[in-house]
>>> print(open('upload_11.cif').read())   # mmCIF, C-alpha atoms
data_query
#
loop_
_atom_site.group_PDB
_atom_site.id
_atom_site.type_symbol
_atom_site.label_atom_id
_atom_site.label_comp_id
_atom_site.auth_asym_id
_atom_site.auth_seq_id
_atom_site.Cartn_x
_atom_site.Cartn_y
_atom_site.Cartn_z
ATOM 1 C CA ALA A 1235 0.000 0.000 0.000
ATOM 2 C CA LEU A 1236 2.802 2.434 0.807
ATOM 3 C CA PRO A 1237 4.438 2.354 -2.668
ATOM 4 C CA HIS A 1238 1.002 2.625 -4.299
ATOM 5 C CA GLY A 1239 0.101 5.599 -2.110
ATOM 6 C CA LYS A 1240 3.436 7.348 -2.630
ATOM 7 C CA MET A 1241 3.180 6.861 -6.385
ATOM 8 C CA ARG A 1242 -0.156 8.692 -6.350
ATOM 9 C CA ASN A 1243 0.739 11.144 -3.577
ATOM 10 C CA LEU A 1244 -1.938 9.716 -1.275
ATOM 11 C CA VAL A 1245 -2.011 9.457 2.491
ATOM 12 C CA VAL A 1246 -1.537 5.878 3.699
ATOM 13 C CA ASN A 1247 -3.108 4.858 7.004
ATOM 14 C CA THR A 1248 -2.361 1.565 8.708
ATOM 15 C CA SER A 1249 -4.437 -0.561 11.030
ATOM 16 C CA LYS A 1250 -3.507 -3.676 12.973
ATOM 17 C CA LYS A 1251 -7.130 -4.750 12.593
ATOM 18 C CA LEU A 1252 -6.480 -5.381 8.880
ATOM 19 C CA ARG A 1253 -3.662 -7.836 9.548
ATOM 20 C CA GLU A 1254 -3.616 -11.424 8.394
ATOM 21 C CA VAL A 1255 -5.170 -14.166 10.514
ATOM 22 C CA ASP A 1256 -2.950 -14.654 13.579
ATOM 23 C CA VAL A 1257 -1.474 -18.126 13.114
ATOM 24 C CA GLY A 1258 -0.251 -18.296 16.712
ATOM 25 C CA LEU A 1259 2.416 -20.932 17.284
ATOM 26 C CA TRP A 1260 2.764 -21.381 13.517
ATOM 27 C CA THR A 1261 4.112 -17.834 13.105
ATOM 28 C CA ASN A 1262 7.475 -17.712 11.297
ATOM 29 C CA ARG A 1263 7.545 -21.508 10.977
ATOM 30 C CA TYR A 1264 8.229 -23.487 7.817
ATOM 31 C CA ILE A 1265 5.403 -25.734 6.630
ATOM 32 C CA ASP A 1266 7.652 -28.792 7.054
ATOM 33 C CA ASP A 1267 8.251 -27.829 10.693
ATOM 34 C CA ILE A 1268 4.529 -27.343 11.298
ATOM 35 C CA ILE A 1269 3.792 -30.750 9.789
ATOM 36 C CA GLN A 1270 6.526 -32.368 11.875
ATOM 37 C CA GLU A 1271 5.233 -30.855 15.125
ATOM 38 C CA TRP A 1272 1.439 -30.912 14.580
ATOM 39 C CA GLY A 1273 1.155 -33.618 11.923
ATOM 40 C CA ARG A 1274 0.264 -33.642 8.251
ATOM 41 C CA GLU A 1275 -3.402 -34.314 9.025
ATOM 42 C CA GLU A 1276 -3.648 -31.231 11.240
ATOM 43 C CA TYR A 1277 -2.093 -29.066 8.552
ATOM 44 C CA GLN A 1278 -3.966 -30.473 5.550
ATOM 45 C CA ASN A 1279 -7.337 -31.479 6.965
ATOM 46 C CA ALA A 1280 -7.907 -29.023 9.778
ATOM 47 C CA TRP A 1281 -6.303 -25.906 8.273
ATOM 48 C CA LEU A 1282 -6.490 -26.315 4.501
ATOM 49 C CA GLY A 1283 -9.576 -28.509 4.477
ATOM 50 C CA GLY A 1284 -11.392 -26.822 7.369
ATOM 51 C CA PHE A 1285 -10.427 -23.220 6.693
ATOM 52 C CA GLY A 1286 -13.546 -21.541 8.062
ATOM 53 C CA THR A 1287 -13.716 -23.514 11.276
ATOM 54 C CA TYR A 1288 -10.045 -23.642 12.219
ATOM 55 C CA LYS A 1289 -8.453 -22.025 15.268
ATOM 56 C CA PHE A 1290 -4.695 -21.846 15.134
ATOM 57 C CA PRO A 1291 -2.733 -23.206 18.121
ATOM 58 C CA SER A 1292 -2.521 -20.183 20.466
ATOM 59 C CA GLY A 1293 -3.752 -18.097 17.531
ATOM 60 C CA GLU A 1294 -6.923 -16.771 16.004
ATOM 61 C CA PHE A 1295 -10.194 -18.456 15.065
ATOM 62 C CA VAL A 1296 -10.842 -17.712 11.381
ATOM 63 C CA PRO A 1297 -14.401 -16.330 11.969
ATOM 64 C CA ASP A 1298 -12.983 -13.974 14.614
ATOM 65 C CA ALA A 1299 -10.455 -12.700 12.075
ATOM 66 C CA ALA A 1300 -13.274 -12.149 9.562
ATOM 67 C CA ASN A 1301 -15.286 -10.176 12.107
ATOM 68 C CA ARG A 1302 -12.255 -8.093 13.128
ATOM 69 C CA PHE A 1303 -11.509 -7.266 9.495
ATOM 70 C CA TYR A 1304 -15.163 -6.599 8.622
ATOM 71 C CA ASN A 1305 -15.668 -4.219 11.551
ATOM 72 C CA GLU A 1306 -12.562 -2.242 10.583
ATOM 73 C CA ILE A 1307 -13.704 -2.029 6.954
ATOM 74 C CA VAL A 1308 -17.096 -0.679 8.065
ATOM 75 C CA TYR A 1309 -15.322 1.843 10.315
ATOM 76 C CA ILE A 1310 -13.111 2.974 7.418
ATOM 77 C CA CYS A 1311 -16.095 3.182 5.063
ATOM 78 C CA ASN A 1312 -18.073 5.300 7.517
ATOM 79 C CA LYS A 1313 -15.148 7.733 7.741
ATOM 80 C CA ASN A 1314 -14.894 7.922 3.942
ATOM 81 C CA ILE A 1315 -18.476 8.059 2.641
ATOM 82 C CA GLY A 1316 -18.487 8.906 -1.058
ATOM 83 C CA LYS A 1317 -14.795 8.137 -1.529
ATOM 84 C CA THR A 1318 -12.928 5.269 -3.123
ATOM 85 C CA VAL A 1319 -10.704 3.469 -0.615
ATOM 86 C CA LEU A 1320 -7.938 0.971 -1.337
ATOM 87 C CA ILE A 1321 -7.416 -1.592 1.408
ATOM 88 C CA VAL A 1322 -4.449 -3.934 1.214
ATOM 89 C CA SER A 1323 -4.147 -7.122 3.241
ATOM 90 C CA HIS A 1324 -3.477 -10.876 3.025
ATOM 91 C CA GLY A 1325 -5.214 -13.863 1.476
ATOM 92 C CA ALA A 1326 -6.633 -15.760 4.444
ATOM 93 C CA VAL A 1327 -8.245 -12.758 6.136
ATOM 94 C CA ILE A 1328 -9.533 -11.493 2.772
ATOM 95 C CA ARG A 1329 -11.081 -14.905 2.065
ATOM 96 C CA ALA A 1330 -12.663 -14.979 5.527
ATOM 97 C CA PHE A 1331 -14.011 -11.417 5.077
ATOM 98 C CA TRP A 1332 -15.516 -12.232 1.674
ATOM 99 C CA SER A 1333 -17.117 -15.359 3.091
ATOM 100 C CA LYS A 1334 -18.760 -13.178 5.709
ATOM 101 C CA ILE A 1335 -20.096 -10.586 3.260
ATOM 102 C CA LEU A 1336 -21.336 -13.312 0.908
ATOM 103 C CA GLY A 1337 -23.070 -15.154 3.750
ATOM 104 C CA ILE A 1338 -21.121 -18.376 3.220
ATOM 105 C CA LYS A 1339 -21.286 -20.673 6.237
ATOM 106 C CA TRP A 1340 -17.893 -21.080 7.879
ATOM 107 C CA GLU A 1341 -17.888 -24.831 7.316
ATOM 108 C CA ASN A 1342 -18.545 -24.334 3.571
ATOM 109 C CA ILE A 1343 -15.827 -21.804 2.719
ATOM 110 C CA VAL A 1344 -13.396 -24.403 1.374
ATOM 111 C CA ASN A 1345 -15.926 -25.664 -1.176
ATOM 112 C CA GLU A 1346 -17.563 -22.352 -2.060
ATOM 113 C CA LEU A 1347 -14.841 -19.685 -2.128
ATOM 114 C CA PRO A 1348 -11.286 -20.204 -3.351
ATOM 115 C CA THR A 1349 -8.299 -18.495 -1.789
ATOM 116 C CA PRO A 1350 -7.772 -15.166 -3.575
ATOM 117 C CA ALA A 1351 -4.925 -15.144 -6.086
ATOM 118 C CA ASN A 1352 -1.718 -13.433 -5.023
ATOM 119 C CA ALA A 1353 -1.673 -9.742 -6.022
ATOM 120 C CA SER A 1354 -5.336 -9.871 -7.015
ATOM 121 C CA TYR A 1355 -7.879 -7.220 -6.158
ATOM 122 C CA SER A 1356 -11.498 -7.469 -5.146
ATOM 123 C CA VAL A 1357 -14.221 -4.832 -5.313
ATOM 124 C CA ALA A 1358 -17.029 -4.191 -2.853
ATOM 125 C CA TYR A 1359 -19.271 -1.236 -2.093
ATOM 126 C CA TYR A 1360 -20.626 0.173 1.139
ATOM 127 C CA ASP A 1361 -24.251 1.331 1.135
ATOM 128 C CA GLY A 1362 -24.069 3.036 4.526
ATOM 129 C CA GLU A 1363 -25.216 -0.102 6.346
ATOM 130 C CA LYS A 1364 -23.554 -3.138 4.844
ATOM 131 C CA ILE A 1365 -20.815 -4.136 2.446
ATOM 132 C CA ILE A 1366 -22.008 -5.312 -0.959
ATOM 133 C CA ALA A 1367 -19.835 -7.725 -2.930
ATOM 134 C CA ASP A 1368 -19.013 -6.941 -6.560
ATOM 135 C CA SER A 1369 -16.041 -8.997 -7.781
ATOM 136 C CA TYR A 1370 -13.503 -11.222 -6.070
ATOM 137 C CA SER A 1371 -9.890 -12.094 -6.846
ATOM 138 C CA ASN A 1372 -9.511 -10.139 -10.087
ATOM 139 C CA THR A 1373 -6.221 -10.871 -11.854
ATOM 140 C CA ASP A 1374 -6.652 -9.395 -15.332
ATOM 141 C CA HIS A 1375 -4.010 -6.790 -14.512
ATOM 142 C CA LEU A 1376 -1.449 -9.535 -13.866
ATOM 143 C CA VAL A 1377 -1.586 -11.671 -17.013
ATOM 144 C CA SER A 1378 -2.040 -10.864 -20.661
ATOM 145 C CA ASP A 1379 -3.712 -14.128 -21.647
ATOM 146 C CA ASN A 1380 -6.335 -13.891 -18.863
ATOM 147 C CA CYS A 1381 -5.568 -17.405 -17.668
ATOM 148 C CA PHE A 1382 -6.980 -16.464 -14.251
ATOM 149 C CA ALA A 1383 -10.653 -15.554 -14.420
ATOM 150 C CA PRO A 1384 -12.134 -13.397 -11.654
ATOM 151 C CA VAL A 1385 -15.104 -14.702 -9.734
ATOM 152 C CA THR A 1386 -18.005 -12.311 -10.381
ATOM 153 C CA ILE A 1387 -20.681 -12.049 -7.718
ATOM 154 C CA ILE A 1388 -24.198 -11.728 -9.092
#
>>> encode(input="upload_11.cif", output="structure tokens")
Amino acid sequence: ALPHGKMRNLVVNTSKKLREVDVGLWTNRYIDDIIQEWGREEYQNAWLGGFGTYKFPSGEFVPDAANRFYNEIVYICNKNIGKTVLIVSHGAVIRAFWSKILGIKWENIVNELPTPANASYSVAYYDGEKIIADSYSNTDHLVSDNCFAPVTII
């Protein structure tokens, strides 16, 4: 966000509430180390396969991260009515947030909403009460052959 803001001479504000899901004891650990300590099943089935219902060891419950992120987005929107706001964050918390605004049940996220592509952007609007989804994980700006198609919300 900082380079983007500087390039356009914009003010950049930061918020800890927009951080990635807190992975607790997994922080700064290699995947191989996590698998060795907690087991492959824990990593693959509980985290990757149970994304919306997983609580990291000594970390954050994914729905709590979604709520934290959502509440901060609403706060930012209320302070910037009528303006376009760019919010930059990380894949897991973005996926959890989008699941919340789309009304996807936590236990269904894995099957209904893919992880957003790296360096993608998503678009949503705020109507003064709630956040309205427009498009998710857009990547057209990244590839010339459009091999990654955005998911459009109807």
>>> resolve_selection(input="upload_11.cif", expression="the PyMOL selection byres ((chain A and resi 1246) around 12)", output="list in words")
Ala1235, Leu1236, Pro1237, His1238, Gly1239, Lys1240, Met1241, Arg1242, Asn1243, Leu1244, Val1245, Asn1247, Thr1248, Ser1249, Val1319, Leu1320, Ile1321 and Val1322 of chain A
>>> resolve_selection(input="upload_11.cif", expression="the PyMOL selection byres ((chain A and resi 1255-1264) around 12)", output="PyMOL selection string")
chain A and resi 1250-1254+1265-1272+1276-1277+1281+1285-1286+1288-1303+1323-1331
>>> atom_distance(input="upload_11.cif", atom1="atom CA of A:Leu1347", atom2="atom CA of A:Asp1374")
18.6 Å
>>> atom_distance(input="upload_11.cif", atom1="atom CA of A:Thr1318", atom2="atom CA of A:Ile1338")
25.8 Å
>>> closest_residue(input="upload_11.cif", among="A:Ile1307, A:Ile1315, A:Leu1376, A:Ala1280", to="A:Ser1354", atoms="all atoms listed in the file")
A:Leu1376
>>> atom_distance(input="upload_11.cif", atom1="atom CA of A:Asn1372", atom2="atom CA of A:Gly1283")
23.4 Å
